[in-house]
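Input: a single structure, listed below in structure tokens.
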Amino acid sequence: MNITVIGAGYVGLVTAISLAETKNNVTCIDIDMNKIEALQQGRTPIYEVGLEKLLKKNLKEGRITFKNTIELGVNDAEIIYLAVGTPQSEDGSANMNYMYEAVDIVAKSILKDTIFVVKSTVPIGENSKLEIRANALSPYQVTVVSNPEFLREGTAIQDVFNGERIILGANNKEALDKLVKVNEKFETPIVKTTLESAEMIKYASNAFLAMKISYINEIANLSEMVGANISEVSLGMGLDKRIGHRFLQAGVGYGGSCFPKDTHALLNISEKAGYDFRLIKEVIHVNRMQRERIIIKLLKYLPSLVGKKIAVLGVTFKPDTDDIRDAPSLDIIGALEGLGAEIAVYDPIFSKKMGHIPNIASMFNNVTEYTSINDALLGADAALVITDWEEIKNIQPNQFLEKMLTPIIIDGRQCYNAQEMDANGIIFDAVGLGGVTIKDDNKVKVLS
Ligand code: UDX
Ligand code: UDX
């Protein structure tokens with residue numbers, strides 16, 4: 001099938017390459033010329049495990065090409081995927097401008113009846129409007145299919161080829177059947193539904209996962225006060241299959257380009273519909289507070305941060321990604337700077353030669369980036385653990401003791417064992433650290 005994908009971001013690029021991998025002829029278009037040039041040379045502008053290898057393979061097999069203008073890339077397409085950004089607007093709603101712009105150009109450029117597949121997360125009801133908008137601009141029949149993405153950054157390729165479900169929403173049976181044919185190759189259960197239900201599945205799923213995280217974070221905060229230990233509480237809860245272990249890890253809260261945007265968008269959709277979605281308001285509030293709690297913990301040990309060197313370990317919103325969009329680290333670094341600290345940031349992404357290297361120092365006044373943990377720790381008065389990269393989880397107590405001026409560690413991602421830290425004389429605090437951790441041999445071994 002001849003397929004065009006508009007948008008070569010985290011979602012569009014993974015979509016384009018996985019469609020090429022399943023033997024379609026794919027043209028991928030983006031307005032960002034730098035991205036297109038890198039992709040044409042076989043380099044991925046984002047850090048996504050396994051993506052570059054698949055890109056090179058499909059470039060070599062001539063199944064994917066990259067272009068910079070929509071007009072040049074839609075002529076022979078039977079299906080056109082739209083994966084342009086729908087970022088959060090000031091009022092919390094999804095900014096649809098990029099999507100409108102792209103749909104308008106595509107609608108005016110097509111030369112036959114075409115299916116528009118919307119990958120981007122759009123507010124409930126928007127896909128129907130996009131279909132009306134496109135048909136008003138084109139002499140051909142445009143049918144919209146909603147195919148929301150459920151990719152987690154860092155495991156996107158794995159999620160495409162080992163997904164748990166593919167959602168296809170449309171108000172047209174033929175279009176749905178055609179998209180089923182395209183998606184059958186992913187050997188993943190397909191749910192066919194209406195446009196509105198597909199849009200709701202996306203928002204409801206992300207908001208539920210965000211709620212699960214805010215829930216366990218509240219349990220963690222209470223655990224600190226009543227002497228419970230959140231890592232053991234999560235373990236005990238997660239063994240119940242109805243609860244499950246995943247997305248039950250307490251910490252500094254969720255970040256990224258999806259949960260924050262989609263929870264705000266769902267709240268905005270509710271307000272516009274006249275429904276008071278109280279639960280989501282609290283999910284958002286708890287998540288914002290979780291970032292502040294790390295600073296409050298630090299101030300317990302260092303009442304004044306003026307002139308103090310604070311190491312921030314981890315900047316990306318989660319491990320194995322280069323994405324810093326709405327990462328907890330950004331609010332935490334901003335608060336540290338406001339309290340007069342000098343901040344040393346370390347993140348493995350600073351030294352990887354993949355994807356887009358975030359330039360944190362340029363976003364603040366008192367931040368220095370380090371490509372080595374030891375240099376970031378050297379002379380530090382305290383260290384905050386904000387992203388649970390493997391390299392950060394593997395830091396040994398003696399590194400903290402040897403490098404830091406005072407070994408004060410605030411663990412925001414349950415990376416370290418409290419007992420081991422205490423035994424080494426490290427001043428240690430962590431999210432959800434209430435009671436004494438039971439020795440490993442007492443713990444139930446969670447079957448994988
Ligand atoms: C995007 C949406 O932001 C998100 O709501 C949805 O869930 C999935 O698609 P993502 O791929 O992470 O998420 O966005 P981003 O990485 O910003 O990629 C968007 C791409 O579209 C960028 O490369 C941008 O250059 C491109 N774009 C944007 C166009 O090609 N044309 C436009 O008019 C606007
Ligand atoms: C998420 C959804 O998982 C995915 O289905 C959707 O398509 C896009 O949004 P992503 O944002 O890439 O994916 O990352 P995810 O792994 O979901 O983590 C999101 C945030 O939650 C990260 O900041 C992570 O640190 C945090 N998180 C995750 C927790 O704090 N605790 C957890 O147990 C899991």
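Identifiers in this document derive from the order of the structure tokens: chains are assigned A, B, ..., residues are numbered from 1 separately in each chain, and ligands are numbered from 1 in order of occurrence.
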Determine, counting only C-alpha atoms, which protein, DNA and RNA residues have an atom within 8 Å of an atom of Leu305 of chain A; residues of the same chain fewer than 4 positions away are not included. Present the result as an NGL selection string. :A and (299 or 309 or 336 or 339-341)
Now that the selection is made, can you save its residues with N, CA and C atoms as a CSV table (one decimal), in the first residue's frame?
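File part15.csv, as written:
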chain,number,residue,atom,x,y,z
A,299,LEU,N,15.4,20.6,51.9
A,299,LEU,CA,15.5,21.7,52.9
A,299,LEU,C,15.5,21.2,54.3
A,309,LYS,N,26.2,23.6,46.2
A,309,LYS,CA,26.2,22.9,44.9
A,309,LYS,C,25.3,21.7,45.1
A,336,LEU,N,15.4,25.0,42.6
A,336,LEU,CA,16.7,25.0,43.2
A,336,LEU,C,17.4,26.3,42.9
A,339,LEU,N,16.2,29.2,44.9
A,339,LEU,CA,16.6,29.1,46.3
A,339,LEU,C,18.1,29.4,46.4
A,340,GLY,N,18.8,29.8,45.2
A,340,GLY,CA,20.1,30.3,45.3
A,340,GLY,C,21.2,29.2,45.1
A,341,ALA,N,20.8,28.0,44.7
A,341,ALA,CA,21.8,26.9,44.6
A,341,ALA,C,22.5,27.0,43.3
Using only C-alpha atoms and all ligand atoms, which residues have at least one atom no more than 9 Å from ligand 2? Output them as a PyMOL selection string. chain A and resi 11+148-156+159+202+205-206+209-210+212-214+216-217+245-260+262+316-319+321+323+326-328+386-388+413
Leaving out Leu279 of chain A and any residue of its chain fewer than 4 positions from it, which residues lie within 12 Å of it when counting only C-alpha atoms, given as a PyMOL selection string? chain A and resi 207-208+210-212+214-215+263-264+266-267+270+275+283-286
Around ligand 1, at most 9 Å away and counting only C-alpha atoms and all ligand atoms, which residues are there? Put them as a VMD selection string, please. chain A and resid 6 to 14 29 to 33 35 46 68 to 70 82 to 88 94 to 95 97 to 103 119 to 122 148 to 151 153 202 256 to 258 261 to 262 323
Once you have the residues from the selection above, write them out as a compact mmCIF listing (two decimals), in the first residue's frame, restricted to N, CA and C atoms.
# COMPACT_ATOMS: atom_id res chain seq x y z
N ILE A 6 2.50 12.29 7.74
CA ILE A 6 2.85 13.71 7.94
C ILE A 6 3.28 13.89 9.40
N GLY A 7 4.53 14.31 9.56
CA GLY A 7 5.05 14.51 10.92
C GLY A 7 6.07 13.41 11.22
N ALA A 8 7.31 13.81 11.43
CA ALA A 8 8.38 12.82 11.71
C ALA A 8 8.89 13.02 13.13
N GLY A 9 7.93 13.17 14.05
CA GLY A 9 8.29 13.29 15.47
C GLY A 9 8.35 11.91 16.11
N TYR A 10 8.22 11.88 17.44
CA TYR A 10 8.32 10.58 18.14
C TYR A 10 7.29 9.61 17.59
N VAL A 11 6.09 10.11 17.31
CA VAL A 11 5.02 9.20 16.89
C VAL A 11 5.05 8.98 15.38
N GLY A 12 5.16 10.09 14.62
CA GLY A 12 5.12 9.96 13.16
C GLY A 12 6.24 9.10 12.64
N LEU A 13 7.44 9.28 13.19
CA LEU A 13 8.59 8.53 12.66
C LEU A 13 8.47 7.05 12.97
N VAL A 14 8.06 6.73 14.19
CA VAL A 14 7.88 5.32 14.56
C VAL A 14 6.78 4.70 13.70
N ILE A 29 6.84 12.91 5.75
CA ILE A 29 7.02 14.35 5.49
C ILE A 29 7.11 15.12 6.81
N ASP A 30 8.01 16.10 6.86
CA ASP A 30 8.08 16.96 8.04
C ASP A 30 8.52 18.35 7.60
N ILE A 31 8.02 19.36 8.32
CA ILE A 31 8.40 20.74 7.94
C ILE A 31 9.82 21.06 8.41
N ASP A 32 10.33 20.24 9.31
CA ASP A 32 11.66 20.51 9.87
C ASP A 32 12.72 19.90 8.95
N MET A 33 13.38 20.75 8.15
CA MET A 33 14.33 20.27 7.13
C MET A 33 15.49 19.51 7.77
N LYS A 35 15.43 17.60 10.33
CA LYS A 35 15.00 16.22 10.60
C LYS A 35 15.02 15.41 9.30
N ILE A 46 15.63 11.50 16.85
CA ILE A 46 15.22 11.25 18.24
C ILE A 46 15.91 9.98 18.72
N ASN A 68 10.20 17.16 2.46
CA ASN A 68 10.05 18.32 3.33
C ASN A 68 8.75 19.08 3.06
N THR A 69 8.07 18.75 1.93
CA THR A 69 6.81 19.50 1.67
C THR A 69 5.70 18.51 1.40
N ILE A 70 4.53 18.82 1.94
CA ILE A 70 3.37 17.91 1.85
C ILE A 70 2.97 17.70 0.40
N LEU A 82 -1.66 11.33 9.87
CA LEU A 82 -1.35 12.66 10.42
C LEU A 82 -0.83 12.49 11.84
N ALA A 83 0.46 12.88 12.03
CA ALA A 83 1.07 12.73 13.37
C ALA A 83 1.81 14.01 13.72
N VAL A 84 1.18 15.13 13.37
CA VAL A 84 1.82 16.41 13.73
C VAL A 84 1.49 16.72 15.18
N GLY A 85 2.26 17.62 15.76
CA GLY A 85 2.10 17.91 17.19
C GLY A 85 0.72 18.50 17.52
N THR A 86 0.18 18.05 18.65
CA THR A 86 -1.05 18.69 19.19
C THR A 86 -0.71 19.04 20.64
N PRO A 87 0.28 19.94 20.82
CA PRO A 87 0.76 20.25 22.17
C PRO A 87 -0.29 20.97 23.02
N GLN A 88 0.00 21.09 24.30
CA GLN A 88 -0.95 21.73 25.23
C GLN A 88 -0.93 23.24 25.03
N ALA A 94 -5.88 21.00 23.83
CA ALA A 94 -4.90 20.58 22.82
C ALA A 94 -4.85 21.63 21.72
N ASN A 95 -3.64 22.04 21.36
CA ASN A 95 -3.47 23.03 20.29
C ASN A 95 -3.59 22.33 18.94
N ASN A 97 -3.79 23.78 15.95
CA ASN A 97 -3.40 24.61 14.78
C ASN A 97 -2.53 23.87 13.78
N TYR A 98 -1.54 23.12 14.32
CA TYR A 98 -0.64 22.40 13.39
C TYR A 98 -1.45 21.36 12.60
N MET A 99 -2.41 20.74 13.29
CA MET A 99 -3.22 19.70 12.66
C MET A 99 -4.10 20.33 11.57
N TYR A 100 -4.73 21.46 11.88
CA TYR A 100 -5.57 22.14 10.88
C TYR A 100 -4.74 22.51 9.65
N GLU A 101 -3.56 23.06 9.93
CA GLU A 101 -2.68 23.50 8.83
C GLU A 101 -2.34 22.30 7.94
N ALA A 102 -1.96 21.21 8.58
CA ALA A 102 -1.56 20.03 7.81
C ALA A 102 -2.74 19.46 7.03
N VAL A 103 -3.90 19.36 7.68
CA VAL A 103 -5.09 18.81 7.00
C VAL A 103 -5.48 19.69 5.81
N LYS A 119 -3.18 9.99 13.94
CA LYS A 119 -2.41 9.35 15.02
C LYS A 119 -2.36 10.29 16.23
N SER A 120 -2.29 11.56 15.95
CA SER A 120 -2.12 12.53 17.04
C SER A 120 -3.33 12.49 17.97
N THR A 121 -3.06 12.82 19.22
CA THR A 121 -4.14 12.84 20.21
C THR A 121 -4.92 14.13 20.02
N VAL A 122 -6.20 13.99 19.65
CA VAL A 122 -7.04 15.16 19.43
C VAL A 122 -8.27 15.07 20.32
N PRO A 148 -5.35 6.25 17.50
CA PRO A 148 -4.47 6.84 18.52
C PRO A 148 -3.30 5.93 18.85
N GLU A 149 -2.17 6.56 19.19
CA GLU A 149 -0.96 5.77 19.48
C GLU A 149 -0.89 5.50 20.99
N PHE A 150 -0.29 4.35 21.33
CA PHE A 150 -0.10 4.01 22.75
C PHE A 150 1.38 3.70 23.00
N LEU A 151 2.23 4.39 22.26
CA LEU A 151 3.67 4.08 22.34
C LEU A 151 4.26 4.73 23.56
N GLU A 153 7.70 6.10 25.12
CA GLU A 153 9.04 6.46 24.64
C GLU A 153 10.06 5.55 25.32
N LYS A 202 -8.26 6.83 24.07
CA LYS A 202 -6.89 7.36 24.21
C LYS A 202 -6.78 8.21 25.47
N GLY A 256 6.76 14.15 30.61
CA GLY A 256 6.66 13.70 29.23
C GLY A 256 5.69 14.51 28.42
N SER A 257 5.52 14.09 27.14
CA SER A 257 4.69 14.88 26.23
C SER A 257 3.26 14.37 26.21
N CYS A 258 2.96 13.35 27.01
CA CYS A 258 1.61 12.80 26.93
C CYS A 258 0.78 12.96 28.20
N LYS A 261 -0.02 16.56 29.16
CA LYS A 261 -0.86 17.21 28.12
C LYS A 261 -2.25 16.58 28.09
N ASP A 262 -2.30 15.26 28.16
CA ASP A 262 -3.58 14.58 27.98
C ASP A 262 -4.49 14.72 29.20
N ASP A 323 13.92 12.81 25.63
CA ASP A 323 12.81 13.77 25.73
C ASP A 323 12.78 14.42 27.11
Got a sec: who's within 10 Å of Asp422 of chain A, counting only C-alpha atoms, leaving out chain neighbours fewer than 6 positions off, as an mmCIF file with all heavy atoms, in the first residue's frame?
data_model
loop_
_atom_site.group_PDB
_atom_site.id
_atom_site.type_symbol
_atom_site.label_atom_id
_atom_site.label_comp_id
_atom_site.auth_asym_id
_atom_site.auth_seq_id
_atom_site.Cartn_x
_atom_site.Cartn_y
_atom_site.Cartn_z
ATOM 1 N N PRO A 397 27.558 3.526 46.958
ATOM 2 C CA PRO A 397 27.669 4.454 48.107
ATOM 3 C C PRO A 397 29.037 5.131 48.203
ATOM 4 O O PRO A 397 29.122 6.328 48.464
ATOM 5 C CB PRO A 397 27.415 3.531 49.306
ATOM 6 C CG PRO A 397 26.551 2.436 48.787
ATOM 7 C CD PRO A 397 26.991 2.227 47.365
ATOM 8 N N PHE A 428 20.293 9.885 53.957
ATOM 9 C CA PHE A 428 19.470 9.417 52.835
ATOM 10 C C PHE A 428 17.996 9.632 53.121
ATOM 11 O O PHE A 428 17.511 9.371 54.214
ATOM 12 C CB PHE A 428 19.736 7.917 52.630
ATOM 13 C CG PHE A 428 18.972 7.302 51.497
ATOM 14 C CD1 PHE A 428 19.342 7.549 50.171
ATOM 15 C CD2 PHE A 428 17.857 6.483 51.729
ATOM 16 C CE1 PHE A 428 18.625 6.980 49.118
ATOM 17 C CE2 PHE A 428 17.142 5.924 50.671
ATOM 18 C CZ PHE A 428 17.530 6.166 49.358
ATOM 19 N N ASP A 429 17.281 10.133 52.108
ATOM 20 C CA ASP A 429 15.826 10.242 52.220
ATOM 21 C C ASP A 429 15.241 9.892 50.858
ATOM 22 O O ASP A 429 15.923 10.013 49.833
ATOM 23 C CB ASP A 429 15.432 11.681 52.618
ATOM 24 C CG ASP A 429 14.052 11.711 53.265
ATOM 25 O OD1 ASP A 429 13.293 10.734 53.047
ATOM 26 O OD2 ASP A 429 13.734 12.684 53.961
#
Can you list, as a ChimeraX atom specification, every protein, DNA or RNA residue that comes within 12 Å of Val74 of chain A when you count only C-alpha atoms, leaving out same-chain residues fewer than 3 positions away? /A:2-6,26-29,66-71,77-82,102-103,105-116
Any idea what's packed within 12 Å of Lys60 of chain A, counting only C-alpha atoms, ignoring anything in its chain fewer than 3 positions away? Could you give it as a PDB file with C-alpha atoms, in the first residue's frame?
ATOM      1  CA  ALA A  20       7.606   0.404   5.929  1.00  0.00           C
ATOM      2  CA  GLU A  21       8.783  -2.602   7.969  1.00  0.00           C
ATOM      3  CA  GLN A  40      17.546  10.743   4.461  1.00  0.00           C
ATOM      4  CA  GLN A  41      21.098   9.999   5.684  1.00  0.00           C
ATOM      5  CA  GLY A  42      19.834   7.190   7.911  1.00  0.00           C
ATOM      6  CA  LYS A  53      18.476   0.129  12.674  1.00  0.00           C
ATOM      7  CA  LEU A  54      14.984  -0.230  11.180  1.00  0.00           C
ATOM      8  CA  LEU A  55      15.348   3.131   9.416  1.00  0.00           C
ATOM      9  CA  LYS A  56      18.590   2.081   7.707  1.00  0.00           C
ATOM     10  CA  LYS A  57      17.096  -1.309   6.716  1.00  0.00           C
ATOM     11  CA  ARG A  63      10.533   1.239   1.168  1.00  0.00           C
ATOM     12  CA  ILE A  64      10.699   4.633   2.834  1.00  0.00           C
ATOM     13  CA  THR A  65      11.505   8.133   1.558  1.00  0.00           C
TER      14      THR A  65
END
Could you list, as a ChimeraX atom specification, every residue within 10 Å of segment 400-407 of chain A, counting only C-alpha atoms and ignoring same-chain residues fewer than 4 positions away? /A:309-311,373-383,395-396,421,424-428
Quick one: write out the picked residues with C-alpha atoms as a PDB file, in the first residue's frame?
ATOM      1  CA  LYS A 309      26.231  22.890  44.913  1.00  0.00           C
ATOM      2  CA  ILE A 310      23.333  20.526  44.303  1.00  0.00           C
ATOM      3  CA  ALA A 311      23.767  17.631  41.889  1.00  0.00           C
ATOM      4  CA  ILE A 373      28.492  11.315  37.336  1.00  0.00           C
ATOM      5  CA  ASN A 374      31.659  11.759  39.387  1.00  0.00           C
ATOM      6  CA  ASP A 375      32.254  15.268  38.035  1.00  0.00           C
ATOM      7  CA  ALA A 376      28.654  16.216  38.812  1.00  0.00           C
ATOM      8  CA  LEU A 377      29.008  14.821  42.357  1.00  0.00           C
ATOM      9  CA  LEU A 378      32.428  16.399  43.003  1.00  0.00           C
ATOM     10  CA  GLY A 379      32.112  18.844  45.903  1.00  0.00           C
ATOM     11  CA  ALA A 380      28.313  18.652  45.937  1.00  0.00           C
ATOM     12  CA  ASP A 381      26.470  19.471  49.173  1.00  0.00           C
ATOM     13  CA  ALA A 382      23.597  17.178  48.171  1.00  0.00           C
ATOM     14  CA  ALA A 383      22.336  15.091  45.244  1.00  0.00           C
ATOM     15  CA  ILE A 395      26.024   4.502  41.557  1.00  0.00           C
ATOM     16  CA  GLN A 396      27.759   2.943  44.574  1.00  0.00           C
ATOM     17  CA  MET A 421      22.812   3.909  52.435  1.00  0.00           C
ATOM     18  CA  ASN A 424      27.475   3.575  54.760  1.00  0.00           C
ATOM     19  CA  GLY A 425      26.826   6.725  56.745  1.00  0.00           C
ATOM     20  CA  ILE A 426      24.994   8.474  53.938  1.00  0.00           C
ATOM     21  CA  ILE A 427      22.255  10.938  54.894  1.00  0.00           C
ATOM     22  CA  PHE A 428      19.470   9.417  52.835  1.00  0.00           C
TER      23      PHE A 428
END
Assign secondary structure with DSSP using the backbone only, and return the residues of segment 179-415 of chain A in helix (DSSP H, G or I) as an NGL selection string. :A and (179-184 or 195-226 or 230-238 or 259-273 or 278-301 or 328-338 or 348-350 or 361-363 or 373-377 or 390-393 or 397-403)
Could you write out that same residue set with C-alpha atoms as a CSV table (one decimal), in the first residue's frame?
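Listed below is the output, result_39.csv:
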chain,number,residue,atom,x,y,z
A,179,LEU,CA,-7.1,0.1,8.0
A,180,VAL,CA,-7.7,-3.4,9.5
A,181,LYS,CA,-5.8,-4.8,6.5
A,182,VAL,CA,-2.9,-2.4,7.1
A,183,ASN,CA,-2.8,-3.2,10.9
A,184,GLU,CA,-3.3,-7.0,10.7
A,195,LEU,CA,-14.4,8.2,16.0
A,196,GLU,CA,-15.6,9.5,19.4
A,197,SER,CA,-15.0,6.3,21.3
A,198,ALA,CA,-11.5,5.9,19.8
A,199,GLU,CA,-10.7,9.4,21.0
A,200,MET,CA,-12.1,8.7,24.4
A,201,ILE,CA,-10.1,5.4,24.7
A,202,LYS,CA,-6.9,7.4,24.2
A,203,TYR,CA,-7.6,10.1,26.8
A,204,ALA,CA,-9.2,7.7,29.3
A,205,SER,CA,-6.3,5.3,29.1
A,206,ASN,CA,-3.6,7.9,29.6
A,207,ALA,CA,-5.5,9.7,32.3
A,208,PHE,CA,-6.0,6.3,34.1
A,209,LEU,CA,-2.3,5.6,34.0
A,210,ALA,CA,-1.6,9.1,35.3
A,211,MET,CA,-4.2,8.6,38.0
A,212,LYS,CA,-2.5,5.3,39.0
A,213,ILE,CA,0.8,7.1,39.4
A,214,SER,CA,-0.7,10.0,41.4
A,215,TYR,CA,-2.5,7.4,43.6
A,216,ILE,CA,0.6,5.5,44.5
A,217,ASN,CA,2.4,8.8,45.1
A,218,GLU,CA,-0.3,9.8,47.6
A,219,ILE,CA,0.1,6.4,49.3
A,220,ALA,CA,3.9,7.0,49.3
A,221,ASN,CA,3.4,10.4,50.9
A,222,LEU,CA,1.2,9.0,53.6
A,223,SER,CA,3.6,6.0,54.1
A,224,GLU,CA,6.3,8.4,55.1
A,225,MET,CA,4.1,9.7,57.8
A,226,VAL,CA,2.8,6.4,59.2
A,230,ILE,CA,6.3,2.3,49.7
A,231,SER,CA,8.5,-0.1,47.8
A,232,GLU,CA,7.1,-2.9,49.9
A,233,VAL,CA,3.6,-1.5,49.8
A,234,SER,CA,3.7,-1.4,46.0
A,235,LEU,CA,5.1,-5.0,45.9
A,236,GLY,CA,2.3,-6.2,48.1
A,237,MET,CA,-0.4,-4.4,46.1
A,238,GLY,CA,0.9,-5.2,42.6
A,259,PHE,CA,0.4,12.4,30.5
A,260,PRO,CA,0.6,16.1,31.5
A,261,LYS,CA,-0.9,17.2,28.1
A,262,ASP,CA,-3.6,14.6,28.0
A,263,THR,CA,-4.8,15.0,31.6
A,264,HIS,CA,-5.1,18.8,31.1
A,265,ALA,CA,-6.8,18.2,27.7
A,266,LEU,CA,-9.3,15.8,29.2
A,267,LEU,CA,-10.0,18.3,32.0
A,268,ASN,CA,-10.5,21.0,29.4
A,269,ILE,CA,-12.8,18.7,27.4
A,270,SER,CA,-14.9,18.0,30.5
A,271,GLU,CA,-15.2,21.7,31.4
A,272,LYS,CA,-16.3,22.4,27.9
A,273,ALA,CA,-18.9,19.6,28.1
A,278,ARG,CA,-12.8,16.2,40.1
A,279,LEU,CA,-10.7,13.1,40.0
A,280,ILE,CA,-8.5,14.4,37.1
A,281,LYS,CA,-8.1,17.8,38.9
A,282,GLU,CA,-6.6,16.0,41.9
A,283,VAL,CA,-4.4,13.7,39.6
A,284,ILE,CA,-2.9,16.9,38.1
A,285,HIS,CA,-2.5,18.6,41.5
A,286,VAL,CA,-0.8,15.7,43.2
A,287,ASN,CA,1.6,15.3,40.3
A,288,ARG,CA,2.6,19.0,40.6
A,289,MET,CA,3.0,18.7,44.4
A,290,GLN,CA,5.2,15.6,44.0
A,291,ARG,CA,7.9,17.8,42.4
A,292,GLU,CA,7.8,20.3,45.3
A,293,ARG,CA,8.1,17.5,47.9
A,294,ILE,CA,11.6,16.7,46.7
A,295,ILE,CA,12.7,20.3,47.5
A,296,ILE,CA,11.0,20.2,50.9
A,297,LYS,CA,12.9,17.1,51.7
A,298,LEU,CA,16.2,18.6,50.7
A,299,LEU,CA,15.5,21.7,52.9
A,300,LYS,CA,15.1,19.4,55.9
A,301,TYR,CA,18.8,18.7,55.6
A,328,PRO,CA,10.0,16.8,36.6
A,329,SER,CA,13.7,17.8,36.6
A,330,LEU,CA,12.9,21.2,34.9
A,331,ASP,CA,10.6,22.3,37.7
A,332,ILE,CA,13.0,21.0,40.3
A,333,ILE,CA,16.0,22.7,38.8
A,334,GLY,CA,14.0,26.0,38.5
A,335,ALA,CA,13.1,25.7,42.2
A,336,LEU,CA,16.7,25.0,43.2
A,337,GLU,CA,17.9,28.0,41.2
A,338,GLY,CA,15.2,30.2,42.9
A,348,PRO,CA,23.4,9.9,30.3
A,349,ILE,CA,21.7,11.6,27.2
A,350,PHE,CA,24.4,14.3,27.4
A,361,ALA,CA,22.2,24.9,30.8
A,362,SER,CA,20.8,27.3,28.3
A,363,MET,CA,17.4,27.2,29.9
A,373,ILE,CA,28.5,11.3,37.3
A,374,ASN,CA,31.7,11.8,39.4
A,375,ASP,CA,32.3,15.3,38.0
A,376,ALA,CA,28.7,16.2,38.8
A,377,LEU,CA,29.0,14.8,42.4
A,390,GLU,CA,20.5,2.3,34.9
A,391,GLU,CA,23.7,4.3,35.2
A,392,ILE,CA,22.3,6.4,38.0
A,393,LYS,CA,20.8,3.3,39.8
A,397,PRO,CA,27.7,4.5,48.1
A,398,ASN,CA,31.4,5.0,48.1
A,399,GLN,CA,31.1,7.3,45.0
A,400,PHE,CA,28.8,9.5,47.0
A,401,LEU,CA,31.1,9.4,50.0
A,402,GLU,CA,34.3,10.1,48.1
A,403,LYS,CA,33.1,12.8,45.7
Just the number, please: distance in Å from atom CA of Ala418 of chain A to atom CA of Trp389 of chain A, one decimal.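 So the answer is 18.3 Å.
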